[in-house]
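**Student:** See coords22.txt below, with compact mmCIF, C-alpha atoms.
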# COMPACT_ATOMS: atom_id res chain seq x y z
CA MET A 186 10.48 28.33 -34.29
CA ARG A 187 13.98 26.89 -33.98
CA LYS A 188 13.73 27.00 -30.19
CA ILE A 189 10.47 25.01 -30.28
CA GLN A 190 12.01 22.41 -32.61
CA THR A 191 15.12 22.11 -30.41
CA ARG A 192 13.00 21.59 -27.27
CA TRP A 193 10.82 19.00 -29.03
CA ILE A 194 13.88 17.04 -30.20
CA ALA A 195 15.33 17.15 -26.65
CA PHE A 196 12.02 15.84 -25.27
CA LEU A 197 11.97 12.93 -27.74
CA MET A 198 15.58 12.05 -26.89
CA THR A 199 14.69 12.00 -23.17
CA VAL A 200 11.74 9.67 -23.82
CA LEU A 201 13.95 7.31 -25.86
CA MET A 202 16.59 7.24 -23.13
CA LEU A 203 14.02 6.45 -20.41
CA THR A 204 12.45 3.73 -22.56
CA SER A 205 15.82 2.05 -23.02
CA VAL A 206 16.50 2.11 -19.26
CA PHE A 207 12.98 1.12 -18.12
CA PRO A 208 11.43 -1.13 -20.80
CA ILE A 209 7.66 -0.88 -21.06
CA VAL A 210 5.89 -4.15 -20.27
CA THR A 211 2.17 -4.63 -20.85
CA THR A 212 -0.24 -6.15 -18.32
CA GLU A 213 -0.55 -9.26 -20.49
CA GLN A 214 3.20 -9.81 -20.36
CA THR A 215 3.39 -9.34 -16.60
CA ALA A 216 0.56 -11.82 -16.03
CA LEU A 217 2.64 -14.61 -17.57
CA ALA A 218 5.21 -14.59 -14.77
CA GLN A 219 3.18 -17.12 -12.77
CA THR A 220 3.92 -19.80 -15.39
CA ALA A 221 7.56 -18.84 -15.88
CA GLU A 222 10.60 -21.12 -15.98
CA THR A 223 13.80 -20.32 -14.09
CA ASP A 224 17.31 -21.17 -15.28
CA LEU A 225 19.64 -21.97 -12.34
CA SER A 226 22.62 -23.21 -14.37
CA ALA A 227 24.63 -20.00 -13.80
CA LEU A 228 24.23 -20.45 -10.02
CA SER A 229 25.27 -24.09 -10.11
CA GLU A 230 28.57 -23.19 -11.79
CA THR A 231 29.51 -20.94 -8.86
CA GLY A 232 29.25 -23.78 -6.33
CA LEU A 233 26.37 -22.11 -4.50
CA LYS A 234 24.13 -24.61 -2.74
CA LEU A 235 20.60 -23.31 -2.22
CA LEU A 236 19.17 -23.94 1.24
CA SER A 237 15.74 -23.50 2.79
CA ARG A 238 14.82 -22.13 6.23
CA LYS A 239 11.70 -22.17 8.39
CA SER A 240 11.72 -18.37 8.38
CA TYR A 241 13.71 -15.59 6.72
CA ASP A 242 14.76 -12.12 7.86
CA SER A 243 11.74 -9.79 8.01
CA ILE A 244 13.18 -7.42 5.37
CA TYR A 245 12.64 -10.07 2.68
CA THR A 246 9.46 -11.18 0.93
CA PRO A 247 9.78 -14.82 -0.23
CA LEU A 248 8.70 -15.29 -3.87
CA SER A 249 7.71 -18.54 -5.52
CA LEU A 250 9.73 -19.78 -8.51
CA GLU A 251 8.30 -22.46 -10.79
CA GLY A 252 10.20 -25.74 -10.35
CA VAL A 253 12.48 -24.37 -7.60
CA ASN A 254 12.00 -25.70 -4.05
CA VAL A 255 13.48 -22.63 -2.30
CA PRO A 256 12.09 -19.07 -2.50
CA LEU A 257 13.63 -16.07 -4.17
CA LEU A 258 13.90 -13.32 -1.53
CA ALA A 259 13.15 -9.74 -2.54
CA PHE A 260 12.77 -6.20 -1.18
CA THR A 261 12.81 -2.64 -2.51
CA GLY A 262 16.31 -1.20 -2.27
CA LYS A 263 17.63 2.36 -1.95
CA THR A 264 17.56 2.95 -5.72
CA GLY A 265 13.83 2.19 -5.79
CA LYS A 266 14.44 -1.03 -7.70
CA THR A 267 13.84 -4.57 -6.49
CA GLU A 268 16.84 -6.24 -4.82
CA TYR A 269 17.11 -10.06 -4.88
CA ARG A 270 18.72 -12.59 -2.53
CA VAL A 271 18.90 -16.36 -2.17
CA TYR A 272 19.75 -18.22 1.01
CA GLY A 273 22.55 -20.71 0.51
CA GLN A 274 26.12 -21.78 1.13
CA ILE A 275 29.46 -21.51 -0.71
CA GLY A 276 32.17 -23.53 1.02
CA LYS A 277 31.73 -22.78 4.71
CA LYS A 278 30.00 -19.42 4.17
CA LYS A 279 26.27 -19.67 4.78
CA GLY A 280 23.94 -16.68 4.39
CA TYR A 281 22.02 -14.42 2.02
CA TYR A 282 23.68 -14.04 -1.37
CA PRO A 283 22.84 -11.19 -3.79
CA VAL A 284 21.66 -12.35 -7.21
CA GLN A 285 20.57 -10.88 -10.54
CA PHE A 286 17.05 -11.93 -11.54
CA SER A 287 16.45 -11.25 -15.24
CA VAL A 288 13.90 -11.95 -17.98
CA VAL A 289 15.40 -13.60 -21.06
CA ASP A 290 12.59 -12.69 -23.48
CA PRO A 291 9.58 -10.63 -22.29
CA GLU A 292 7.57 -11.76 -25.35
CA ALA A 293 8.01 -15.48 -24.64
CA ASP A 294 5.21 -17.71 -23.36
CA PRO A 295 5.96 -18.90 -20.76
CA LEU A 296 8.47 -16.35 -19.53
CA ARG A 297 11.98 -17.56 -18.80
CA PHE A 298 14.02 -16.15 -15.93
CA VAL A 299 17.75 -16.45 -15.21
CA LEU A 300 19.39 -16.27 -11.79
CA GLU A 301 23.04 -15.15 -11.66
CA LEU A 302 25.24 -14.67 -8.60
CA GLU A 303 26.35 -11.08 -7.95
CA SER A 304 28.88 -11.78 -5.21
CA SER A 305 30.47 -14.85 -3.66
CA LYS A 306 30.15 -13.21 -0.23
CA PRO A 307 26.87 -13.21 1.73
CA VAL A 308 25.38 -9.83 2.68
CA LYS A 309 23.54 -8.55 5.74
CA ASP A 310 20.58 -6.38 4.83
CA ASN A 311 18.91 -4.21 7.46
CA GLY A 312 16.74 -1.13 7.80
CA LYS A 313 19.37 1.04 6.10
CA SER A 314 19.13 -1.15 2.99
CA LYS A 315 15.43 -0.38 2.48
CA GLY A 316 14.26 2.01 -0.21
CA LYS A 317 12.03 4.96 0.67
CA ILE A 318 8.45 5.10 -0.57
CA THR A 319 7.10 8.51 -1.58
CA VAL A 320 3.59 8.32 -0.13
CA SER A 321 0.58 10.11 -1.62
CA ARG A 322 -3.22 9.99 -1.46
CA PRO A 323 -4.65 6.78 -3.00
CA ALA A 324 -5.60 7.20 -6.64
CA ASP A 325 -8.39 4.60 -6.45
CA VAL A 326 -11.86 4.77 -4.94
CA LEU A 327 -11.75 2.43 -1.94
CA PRO A 328 -14.72 0.74 -0.22
CA SER A 329 -16.16 2.23 2.98
CA ASP A 330 -14.68 -0.58 5.12
CA VAL A 331 -11.20 0.62 4.13
CA LYS A 332 -10.04 3.68 6.09
CA VAL A 333 -7.46 6.26 4.98
CA SER A 334 -5.77 8.31 7.72
CA ARG A 335 -4.55 11.89 7.49
CA LYS A 336 -1.07 10.51 6.87
CA ASN A 337 -2.45 8.48 3.93
CA VAL A 338 -2.15 5.13 5.73
CA ILE A 339 -4.73 2.69 4.35
CA SER A 340 -6.06 0.25 6.94
CA PHE A 341 -8.74 -2.43 7.18
CA THR A 342 -9.60 -5.62 9.04
CA ASN A 343 -9.17 -8.75 6.95
CA VAL A 344 -11.40 -11.84 6.89
CA PHE A 345 -9.34 -13.37 9.72
CA GLY A 346 -9.88 -10.37 12.00
CA THR A 347 -6.30 -9.10 11.57
CA LYS A 348 -5.53 -5.45 10.85
CA GLU A 349 -3.65 -4.76 7.61
CA GLN A 350 -2.05 -1.47 6.60
CA PHE A 351 -0.80 -0.21 3.24
CA VAL A 352 0.36 3.06 1.71
CA TYR A 353 -0.03 4.27 -1.86
CA GLY A 354 3.01 5.75 -3.57
CA THR A 355 6.12 5.08 -5.61
CA ALA A 356 9.65 3.89 -4.94
CA ASP A 357 11.21 4.90 -8.27
CA SER A 358 9.05 7.89 -9.37
CA ALA A 359 7.77 5.78 -12.28
CA ASN A 360 5.68 2.89 -10.95
CA TYR A 361 2.87 3.71 -8.51
CA GLY A 362 1.04 1.17 -6.38
CA TYR A 363 0.29 -0.16 -2.90
CA PHE A 364 3.05 -1.03 -0.43
CA LYS A 365 2.76 -2.70 2.98
CA ALA A 366 3.00 0.09 5.54
CA GLY A 367 5.22 -1.77 8.04
CA LYS A 368 5.87 -0.81 11.67
CA ASN A 369 6.62 2.84 10.93
CA ALA A 370 3.75 3.14 8.40
CA THR A 371 6.19 4.33 5.71
CA GLY A 372 6.25 1.32 3.38
CA ALA A 373 10.07 1.34 3.32
CA GLY A 374 11.52 -1.76 1.66
CA SER A 375 8.12 -3.20 0.74
CA LEU A 376 7.27 -4.66 -2.64
CA MET A 377 4.25 -3.40 -4.58
CA TYR A 378 1.03 -5.39 -4.03
CA ASP A 379 -1.98 -6.05 -6.25
CA LEU A 380 -4.97 -3.90 -5.19
CA GLU A 381 -7.63 -6.38 -6.34
CA GLU A 382 -6.19 -9.09 -4.07
CA ILE A 383 -5.88 -6.64 -1.17
CA LEU A 384 -9.57 -5.69 -1.38
CA ALA A 385 -10.59 -9.37 -1.61
CA ARG A 386 -9.37 -9.82 1.99
CA VAL A 387 -11.37 -6.89 3.43
CA LYS A 388 -13.95 -7.95 6.04
CA PRO A 389 -17.12 -5.82 6.00
CA ASP A 390 -18.21 -4.57 9.43
CA HIS A 391 -21.41 -6.63 9.40
CA VAL A 392 -19.61 -9.92 8.57
CA ARG A 393 -18.05 -12.17 11.20
CA LYS A 394 -14.36 -13.00 11.12
CA VAL A 395 -13.05 -16.50 10.36
CA GLY A 396 -10.39 -18.39 12.29
CA ARG A 397 -7.08 -18.37 10.43
CA PRO A 398 -6.17 -21.91 9.24
CA LYS A 399 -2.93 -23.39 10.61
CA GLU A 400 -1.31 -23.57 7.17
CA LEU A 401 -1.67 -19.78 6.84
CA LYS A 402 -0.08 -18.85 10.18
CA SER A 403 3.22 -17.84 8.52
CA GLY A 404 1.51 -16.03 5.66
CA TYR A 405 -0.79 -16.36 2.68
CA ARG A 406 -0.18 -16.11 -1.04
CA GLU A 407 -0.26 -12.61 -2.50
CA THR A 408 0.52 -11.15 -5.93
CA VAL A 409 3.32 -8.61 -6.07
CA LEU A 410 4.88 -6.46 -8.79
CA VAL A 411 8.66 -6.52 -8.99
CA ILE A 412 11.24 -4.96 -11.30
CA THR A 413 13.68 -7.51 -12.72
CA SER A 414 17.41 -6.79 -12.78
CA ASN A 415 17.17 -5.94 -16.49
CA GLY A 416 14.30 -3.48 -15.92
CA PHE A 417 11.06 -5.34 -16.65
CA LEU A 418 7.98 -5.08 -14.44
CA VAL A 419 6.55 -8.56 -13.77
CA ARG A 420 3.91 -10.10 -11.52
CA MET A 421 4.94 -12.83 -9.10
CA GLU A 422 3.39 -14.74 -6.22
CA THR A 423 4.67 -14.96 -2.66
CA ALA A 424 5.78 -18.40 -1.46
CA TYR A 425 2.81 -19.12 0.84
CA PRO A 426 -0.36 -21.22 0.55
CA ALA A 427 -3.37 -19.51 -1.06
CA ILE A 428 -6.45 -18.40 0.89
CA ASP A 429 -9.44 -20.65 0.22
CA PHE A 430 -12.13 -17.98 -0.16
CA GLU A 431 -14.84 -20.62 -0.62
CA TYR A 432 -13.95 -21.93 2.84
CA VAL A 433 -14.02 -18.37 4.21
CA ALA A 434 -17.47 -17.69 2.72
CA ARG A 435 -18.81 -21.00 4.06
CA LYS A 436 -17.56 -20.26 7.57
CA GLN A 437 -19.01 -16.75 7.50
CA GLN A 438 -22.46 -18.13 6.66
CA GLU A 439 -22.49 -20.83 9.32
CA THR A 440 -25.11 -20.39 12.05
CA ARG A 441 -23.92 -19.34 15.48
CA LYS A 442 -24.44 -21.32 18.69
CA SER A 443 -27.46 -20.31 20.78
CA GLY A 444 -26.47 -17.79 23.45
CA SER A 445 -23.25 -16.75 21.71
CA THR A 446 -22.52 -13.05 21.27
CA GLU A 447 -20.36 -10.83 19.13
CA THR A 448 -19.61 -7.13 19.07
CA MET A 449 -19.67 -4.61 16.25
CA THR A 450 -18.26 -1.11 16.27
CA THR A 451 -19.54 1.80 14.19
CA THR A 452 -17.82 5.17 13.81
CA GLU A 453 -19.45 8.50 13.01
CA LEU A 454 -17.67 11.78 12.29
CA ILE A 455 -18.68 14.86 14.28
CA PRO A 456 -18.13 17.91 12.03
CA TYR A 457 -16.33 20.87 13.55
CA GLY A 458 -17.97 24.28 13.95
CA THR A 459 -16.68 27.73 13.09
CA SER A 460 -16.28 30.74 15.38
CA TYR A 461 -15.52 34.31 14.32
CA VAL A 462 -13.27 36.75 16.17
CA ASP A 463 -13.69 40.48 15.48
CA ASN A 464 -10.60 42.16 14.09
CA PRO A 465 -10.73 45.97 13.99
CA ASP A 466 -7.81 46.04 11.51
CA LEU A 467 -9.68 44.09 8.79
CA TYR A 468 -12.36 45.52 6.53
CA VAL A 469 -15.83 43.99 6.57
CA SER A 470 -15.58 42.96 2.90
CA GLU A 471 -12.24 41.14 3.33
CA VAL A 472 -12.10 37.33 3.34
CA PRO A 473 -11.89 36.05 6.97
CA ARG A 474 -8.42 34.84 7.95
CA VAL A 475 -7.92 31.43 9.59
CA ILE A 476 -6.57 31.63 13.15
CA GLN A 477 -6.99 27.93 13.95
CA THR A 478 -7.98 25.04 11.68
CA GLY A 479 -10.86 22.85 12.78
CA VAL A 480 -10.61 19.13 13.50
CA ALA A 481 -13.60 16.79 13.27
CA GLY A 482 -14.42 14.58 16.23
CA GLU A 483 -15.47 10.91 16.28
CA LYS A 484 -18.30 9.01 17.91
CA LYS A 485 -17.58 5.29 18.31
CA ILE A 486 -20.43 3.01 19.33
CA THR A 487 -19.91 -0.63 20.26
CA TRP A 488 -22.93 -2.88 19.70
CA LYS A 489 -23.62 -6.28 21.24
CA ILE A 490 -25.31 -8.93 19.11
CA THR A 491 -26.86 -12.00 20.77
CA TYR A 492 -27.73 -15.20 18.91
CA LYS A 493 -30.58 -17.60 19.76
CA THR A 494 -31.19 -20.88 17.90
CA GLY A 495 -28.37 -19.93 15.57
CA LYS A 496 -29.92 -16.62 14.47
CA ARG A 497 -29.75 -13.04 15.66
CA SER A 498 -32.11 -12.26 18.50
CA GLY A 499 -33.49 -8.88 17.49
CA GLY A 500 -31.26 -6.02 16.44
CA PRO A 501 -27.88 -4.97 17.87
CA ARG A 502 -27.98 -3.39 21.32
CA GLN A 503 -25.79 -0.45 22.22
CA ARG A 504 -23.13 -1.49 24.70
CA LYS A 505 -20.88 1.54 25.09
CA ARG A 506 -20.12 4.82 23.42
CA SER A 507 -16.94 6.88 23.25
CA LEU A 508 -16.41 10.38 21.92
CA SER A 509 -13.29 12.16 20.74
CA LEU A 510 -13.54 15.93 21.12
CA ARG A 511 -13.66 18.15 18.08
CA SER A 512 -11.81 21.45 17.87
CA MET A 513 -13.51 24.55 16.49
CA ARG A 514 -12.24 26.44 13.48
CA SER A 515 -11.51 30.05 14.38
CA LEU A 516 -11.58 32.88 11.82
CA ASN A 517 -10.59 36.55 12.00
CA ALA A 518 -13.56 38.57 10.75
CA GLY A 519 -13.24 42.22 9.75
CA ARG A 520 -15.37 44.89 11.38
CA LYS A 521 -13.74 47.95 9.86
CA SER A 522 -15.70 50.01 7.35
CA ARG A 523 -13.96 51.11 4.19
CA PRO A 524 -13.67 54.96 3.80
CA GLN A 525 -15.96 56.56 1.26
CA HIS A 526 -14.12 58.38 -1.52
CA THR A 527 -15.59 61.58 -2.93
CA SER A 528 -14.49 63.24 -6.12
CA ILE A 529 -14.09 67.04 -6.38
CA LEU A 530 -14.90 68.60 -9.70
CA ARG A 531 -12.90 71.70 -10.55
CA THR A 532 -14.78 74.43 -12.30
CA SER A 533 -13.17 77.03 -14.44
CA PRO A 534 -13.49 80.56 -13.12
I need this file expressed as structure tokens, please.
**Tutor:**
Amino acid sequence: MRKIQTRWIAFLMTVLMLTSVFPIVTTEQTALAQTAETDLSALSETGLKLLSRKSYDSIYTPLSLEGVNVPLLAFTGKTGKTEYRVYGQIGKKKGYYPVQFSVVDPEADPLRFVLELESSKPVKDNGKSKGKITVSRPADVLPSDVKVSRKNVISFTNVFGTKEQFVYGTADSANYGYFKAGKNATGAGSLMYDLEEILARVKPDHVRKVGRPKELKSGYRETVLVITSNGFLVRMETAYPAIDFEYVARKQQETRKSGSTETMTTTELIPYGTSYVDNPDLYVSEVPRVIQTGVAGEKKITWKITYKTGKRSGGPRQRKRSLSLRSMRSLNAGRKSRPQHTSILRTSP
């Protein structure tokens, strides 16, 4: 009984310690970050002059701060927490300066943030500065237009016809979500993105893509989840113009010019078969042993759609077809009969 009590007390102490390090913030509190105020007085005292640029190093995601005309730059660092930078100048030194980004009171409405300078020397962040994302299978049910690879890379074509890739996982073993996959499809250094907004950009296969407006060439507004320097999880928006989904829907419904064409690709899985190889060393009743795992094939069909008087002329016509070979699953099957055991009864003389 004492052992059980001791273990229970140790468990409670662990929970209290974790709660003090990573404060729990509700969804309602995180949603208020969009209307937050930011105190820059601590930065002004250091002599740091904030500057803007046309573009920032690719490791950073620019975040919008209410009332501030330059973005706060963020990425996931090696510790799994969000690292923050501002671009500016102290004296003759121009570059990216590390800052602390903290919430003053998580219960306040609106939220109030404070920016404080960490170092008077600019830093150079690179691939080695990025935190690793532990990738796992997505926990949510995703629509059929969103594909998940064997390596758990989530991909889809957005409304502008551009391919997007994400991975599901965690950077700090506490907060799970969706991270941009990046070039190596690992999600390293990425912030966590809002799933609802991700799915809003998915283009169904039967819907035409829309030309990307000029103001969105550099990027479009997205909602991200970041961990403040004092350990609170808050929602913020990236420093880009928002997508006008009413415009997108209107463009998708516009009639096409007579004689214009478009293509559509469908993919079908070809299930693998199973072959059995006799094994004289296995008994018939034993479970077959796998020699080679099977891999399903794919059949991709590209369809051509022709428009007349602004409407589809008949159904899609098959244009070309490609197949990827499947590999059979091979099993070791027993052919050996088990020996029959007979019992001998001893009789007394």
**Student:** I need the residue nearest A:Leu376 from this list: A:Leu250, A:Leu454, A:Ala259, A:Ala324. Use only C-alpha atoms for the distance.
**Tutor:** A:Ala259
**Student:** Given the choices A:Val255, A:Leu410, A:Ala424, A:Ala293, which gets closest to A:Ala221 if the distance is worked out from all atoms listed in the file?
**Tutor:**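 Nearest candidate to A:Ala221 out of A:Val255, A:Leu410, A:Ala424, A:Ala293: A:Ala293.
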**Student:** Would you mind telling me which residue in A:Ser229, A:Thr408, A:Thr261, A:Gln350 lies nearest to A:Ser249 when using only C-alpha atoms?
**Tutor:**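 Closest to A:Ser249, using only C-alpha atoms: A:Thr408.
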**Student:** Please report the interatomic distance between atom CA of A:Val387 and atom CA of A:Thr319 in Å with one decimal.
**Tutor:**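 Atom CA of A:Thr319 lies 24.6 Å from atom CA of A:Val387.
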**Student:** Build an axis-aligned box that encloses every atom of stretch 243-255 of chain A listed in the file, pad it by 8 Å on each side, and report its centre and edge lengths in Å to one decimal, as AutoDock Vina command-line options.
**Tutor:**
--center_x 10.6 --center_y -16.6 --center_z -1.4 --size_x 21.8 --size_y 34.3 --size_z 34.8
**Student:** Choose the residue, out of A:Ser358, A:Ser321, A:Ser240, A:Thr487, that has the smallest atom-to-atom separation from A:Met449; count all atoms listed in the file.
**Tutor:**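 Going through A:Ser358, A:Ser321, A:Ser240, A:Thr487 one by one, the smallest distance to A:Met449 is for A:Thr487.
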**Student:** Pull out stretch 338-349 of chain A, keep all heavy atoms, and write it as a PDB file, in the first residue's frame.
**Tutor:**
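Full text of selection_29.pdb as output:
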ATOM      1  N   VAL A 338       3.876  11.537 -45.468  1.00  0.00           N
ATOM      2  CA  VAL A 338       3.868  12.893 -46.030  1.00  0.00           C
ATOM      3  C   VAL A 338       2.482  13.167 -46.604  1.00  0.00           C
ATOM      4  O   VAL A 338       1.969  12.393 -47.423  1.00  0.00           O
ATOM      5  CB  VAL A 338       4.943  13.053 -47.127  1.00  0.00           C
ATOM      6  CG1 VAL A 338       4.873  14.459 -47.737  1.00  0.00           C
ATOM      7  CG2 VAL A 338       6.330  12.800 -46.547  1.00  0.00           C
ATOM      8  N   ILE A 339       1.860  14.231 -46.155  1.00  0.00           N
ATOM      9  CA  ILE A 339       0.505  14.599 -46.570  1.00  0.00           C
ATOM     10  C   ILE A 339       0.627  15.587 -47.725  1.00  0.00           C
ATOM     11  O   ILE A 339       1.286  16.625 -47.601  1.00  0.00           O
ATOM     12  CB  ILE A 339      -0.253  15.254 -45.401  1.00  0.00           C
ATOM     13  CG1 ILE A 339      -0.254  14.311 -44.194  1.00  0.00           C
ATOM     14  CG2 ILE A 339      -1.657  15.665 -45.801  1.00  0.00           C
ATOM     15  CD1 ILE A 339      -0.480  14.990 -42.881  1.00  0.00           C
ATOM     16  N   SER A 340       0.004  15.299 -48.847  1.00  0.00           N
ATOM     17  CA  SER A 340       0.127  16.170 -50.013  1.00  0.00           C
ATOM     18  C   SER A 340      -1.220  16.381 -50.682  1.00  0.00           C
ATOM     19  O   SER A 340      -2.101  15.514 -50.625  1.00  0.00           O
ATOM     20  CB  SER A 340       1.138  15.596 -51.015  1.00  0.00           C
ATOM     21  OG  SER A 340       0.716  14.337 -51.475  1.00  0.00           O
ATOM     22  N   PHE A 341      -1.370  17.541 -51.310  1.00  0.00           N
ATOM     23  CA  PHE A 341      -2.584  17.858 -52.058  1.00  0.00           C
ATOM     24  C   PHE A 341      -2.277  19.008 -53.003  1.00  0.00           C
ATOM     25  O   PHE A 341      -1.243  19.683 -52.890  1.00  0.00           O
ATOM     26  CB  PHE A 341      -3.737  18.245 -51.116  1.00  0.00           C
ATOM     27  CG  PHE A 341      -3.466  19.478 -50.289  1.00  0.00           C
ATOM     28  CD1 PHE A 341      -3.803  20.746 -50.757  1.00  0.00           C
ATOM     29  CD2 PHE A 341      -2.880  19.377 -49.041  1.00  0.00           C
ATOM     30  CE1 PHE A 341      -3.563  21.881 -50.005  1.00  0.00           C
ATOM     31  CE2 PHE A 341      -2.616  20.509 -48.274  1.00  0.00           C
ATOM     32  CZ  PHE A 341      -2.963  21.763 -48.757  1.00  0.00           C
ATOM     33  N   THR A 342      -3.168  19.237 -53.954  1.00  0.00           N
ATOM     34  CA  THR A 342      -3.069  20.371 -54.857  1.00  0.00           C
ATOM     35  C   THR A 342      -4.016  21.447 -54.357  1.00  0.00           C
ATOM     36  O   THR A 342      -5.195  21.177 -54.108  1.00  0.00           O
ATOM     37  CB  THR A 342      -3.441  19.971 -56.291  1.00  0.00           C
ATOM     38  OG1 THR A 342      -2.563  18.916 -56.715  1.00  0.00           O
ATOM     39  CG2 THR A 342      -3.310  21.145 -57.249  1.00  0.00           C
ATOM     40  N   ASN A 343      -3.495  22.675 -54.189  1.00  0.00           N
ATOM     41  CA  ASN A 343      -4.359  23.735 -53.664  1.00  0.00           C
ATOM     42  C   ASN A 343      -5.166  24.397 -54.779  1.00  0.00           C
ATOM     43  O   ASN A 343      -5.037  24.045 -55.960  1.00  0.00           O
ATOM     44  CB  ASN A 343      -3.555  24.758 -52.860  1.00  0.00           C
ATOM     45  CG  ASN A 343      -2.553  25.535 -53.704  1.00  0.00           C
ATOM     46  OD1 ASN A 343      -2.697  25.657 -54.926  1.00  0.00           O
ATOM     47  ND2 ASN A 343      -1.536  26.081 -53.069  1.00  0.00           N
ATOM     48  N   VAL A 344      -5.995  25.349 -54.408  1.00  0.00           N
ATOM     49  CA  VAL A 344      -6.916  25.983 -55.365  1.00  0.00           C
ATOM     50  C   VAL A 344      -6.183  26.717 -56.482  1.00  0.00           C
ATOM     51  O   VAL A 344      -6.767  27.003 -57.526  1.00  0.00           O
ATOM     52  CB  VAL A 344      -7.856  26.962 -54.633  1.00  0.00           C
ATOM     53  CG1 VAL A 344      -8.819  26.201 -53.738  1.00  0.00           C
ATOM     54  CG2 VAL A 344      -7.068  28.004 -53.834  1.00  0.00           C
ATOM     55  N   PHE A 345      -4.898  27.003 -56.286  1.00  0.00           N
ATOM     56  CA  PHE A 345      -4.104  27.680 -57.315  1.00  0.00           C
ATOM     57  C   PHE A 345      -3.329  26.695 -58.188  1.00  0.00           C
ATOM     58  O   PHE A 345      -2.517  27.100 -59.013  1.00  0.00           O
ATOM     59  CB  PHE A 345      -3.140  28.679 -56.672  1.00  0.00           C
ATOM     60  CG  PHE A 345      -3.817  29.701 -55.801  1.00  0.00           C
ATOM     61  CD1 PHE A 345      -3.501  29.807 -54.461  1.00  0.00           C
ATOM     62  CD2 PHE A 345      -4.790  30.552 -56.319  1.00  0.00           C
ATOM     63  CE1 PHE A 345      -4.128  30.743 -53.648  1.00  0.00           C
ATOM     64  CE2 PHE A 345      -5.422  31.492 -55.525  1.00  0.00           C
ATOM     65  CZ  PHE A 345      -5.099  31.582 -54.176  1.00  0.00           C
ATOM     66  N   GLY A 346      -3.534  25.400 -57.960  1.00  0.00           N
ATOM     67  CA  GLY A 346      -2.851  24.385 -58.758  1.00  0.00           C
ATOM     68  C   GLY A 346      -1.451  24.082 -58.275  1.00  0.00           C
ATOM     69  O   GLY A 346      -0.686  23.411 -58.967  1.00  0.00           O
ATOM     70  N   THR A 347      -1.087  24.540 -57.079  1.00  0.00           N
ATOM     71  CA  THR A 347       0.249  24.321 -56.517  1.00  0.00           C
ATOM     72  C   THR A 347       0.210  23.171 -55.520  1.00  0.00           C
ATOM     73  O   THR A 347      -0.731  23.064 -54.730  1.00  0.00           O
ATOM     74  CB  THR A 347       0.766  25.592 -55.811  1.00  0.00           C
ATOM     75  OG1 THR A 347       0.701  26.695 -56.713  1.00  0.00           O
ATOM     76  CG2 THR A 347       2.200  25.403 -55.337  1.00  0.00           C
ATOM     77  N   LYS A 348       1.237  22.328 -55.551  1.00  0.00           N
ATOM     78  CA  LYS A 348       1.304  21.204 -54.625  1.00  0.00           C
ATOM     79  C   LYS A 348       1.770  21.671 -53.252  1.00  0.00           C
ATOM     80  O   LYS A 348       2.748  22.408 -53.137  1.00  0.00           O
ATOM     81  CB  LYS A 348       2.252  20.126 -55.157  1.00  0.00           C
ATOM     82  CG  LYS A 348       2.248  18.842 -54.335  1.00  0.00           C
ATOM     83  CD  LYS A 348       3.154  17.785 -54.963  1.00  0.00           C
ATOM     84  CE  LYS A 348       3.151  16.504 -54.155  1.00  0.00           C
ATOM     85  NZ  LYS A 348       4.002  15.457 -54.751  1.00  0.00           N
ATOM     86  N   GLU A 349       1.082  21.249 -52.210  1.00  0.00           N
ATOM     87  CA  GLU A 349       1.480  21.540 -50.835  1.00  0.00           C
ATOM     88  C   GLU A 349       1.722  20.232 -50.098  1.00  0.00           C
ATOM     89  O   GLU A 349       1.034  19.237 -50.345  1.00  0.00           O
ATOM     90  CB  GLU A 349       0.402  22.344 -50.110  1.00  0.00           C
ATOM     91  CG  GLU A 349       0.200  23.755 -50.626  1.00  0.00           C
ATOM     92  CD  GLU A 349      -0.646  24.600 -49.700  1.00  0.00           C
ATOM     93  OE1 GLU A 349      -0.468  24.476 -48.458  1.00  0.00           O
ATOM     94  OE2 GLU A 349      -1.473  25.386 -50.196  1.00  0.00           O
TER      95      GLU A 349
END
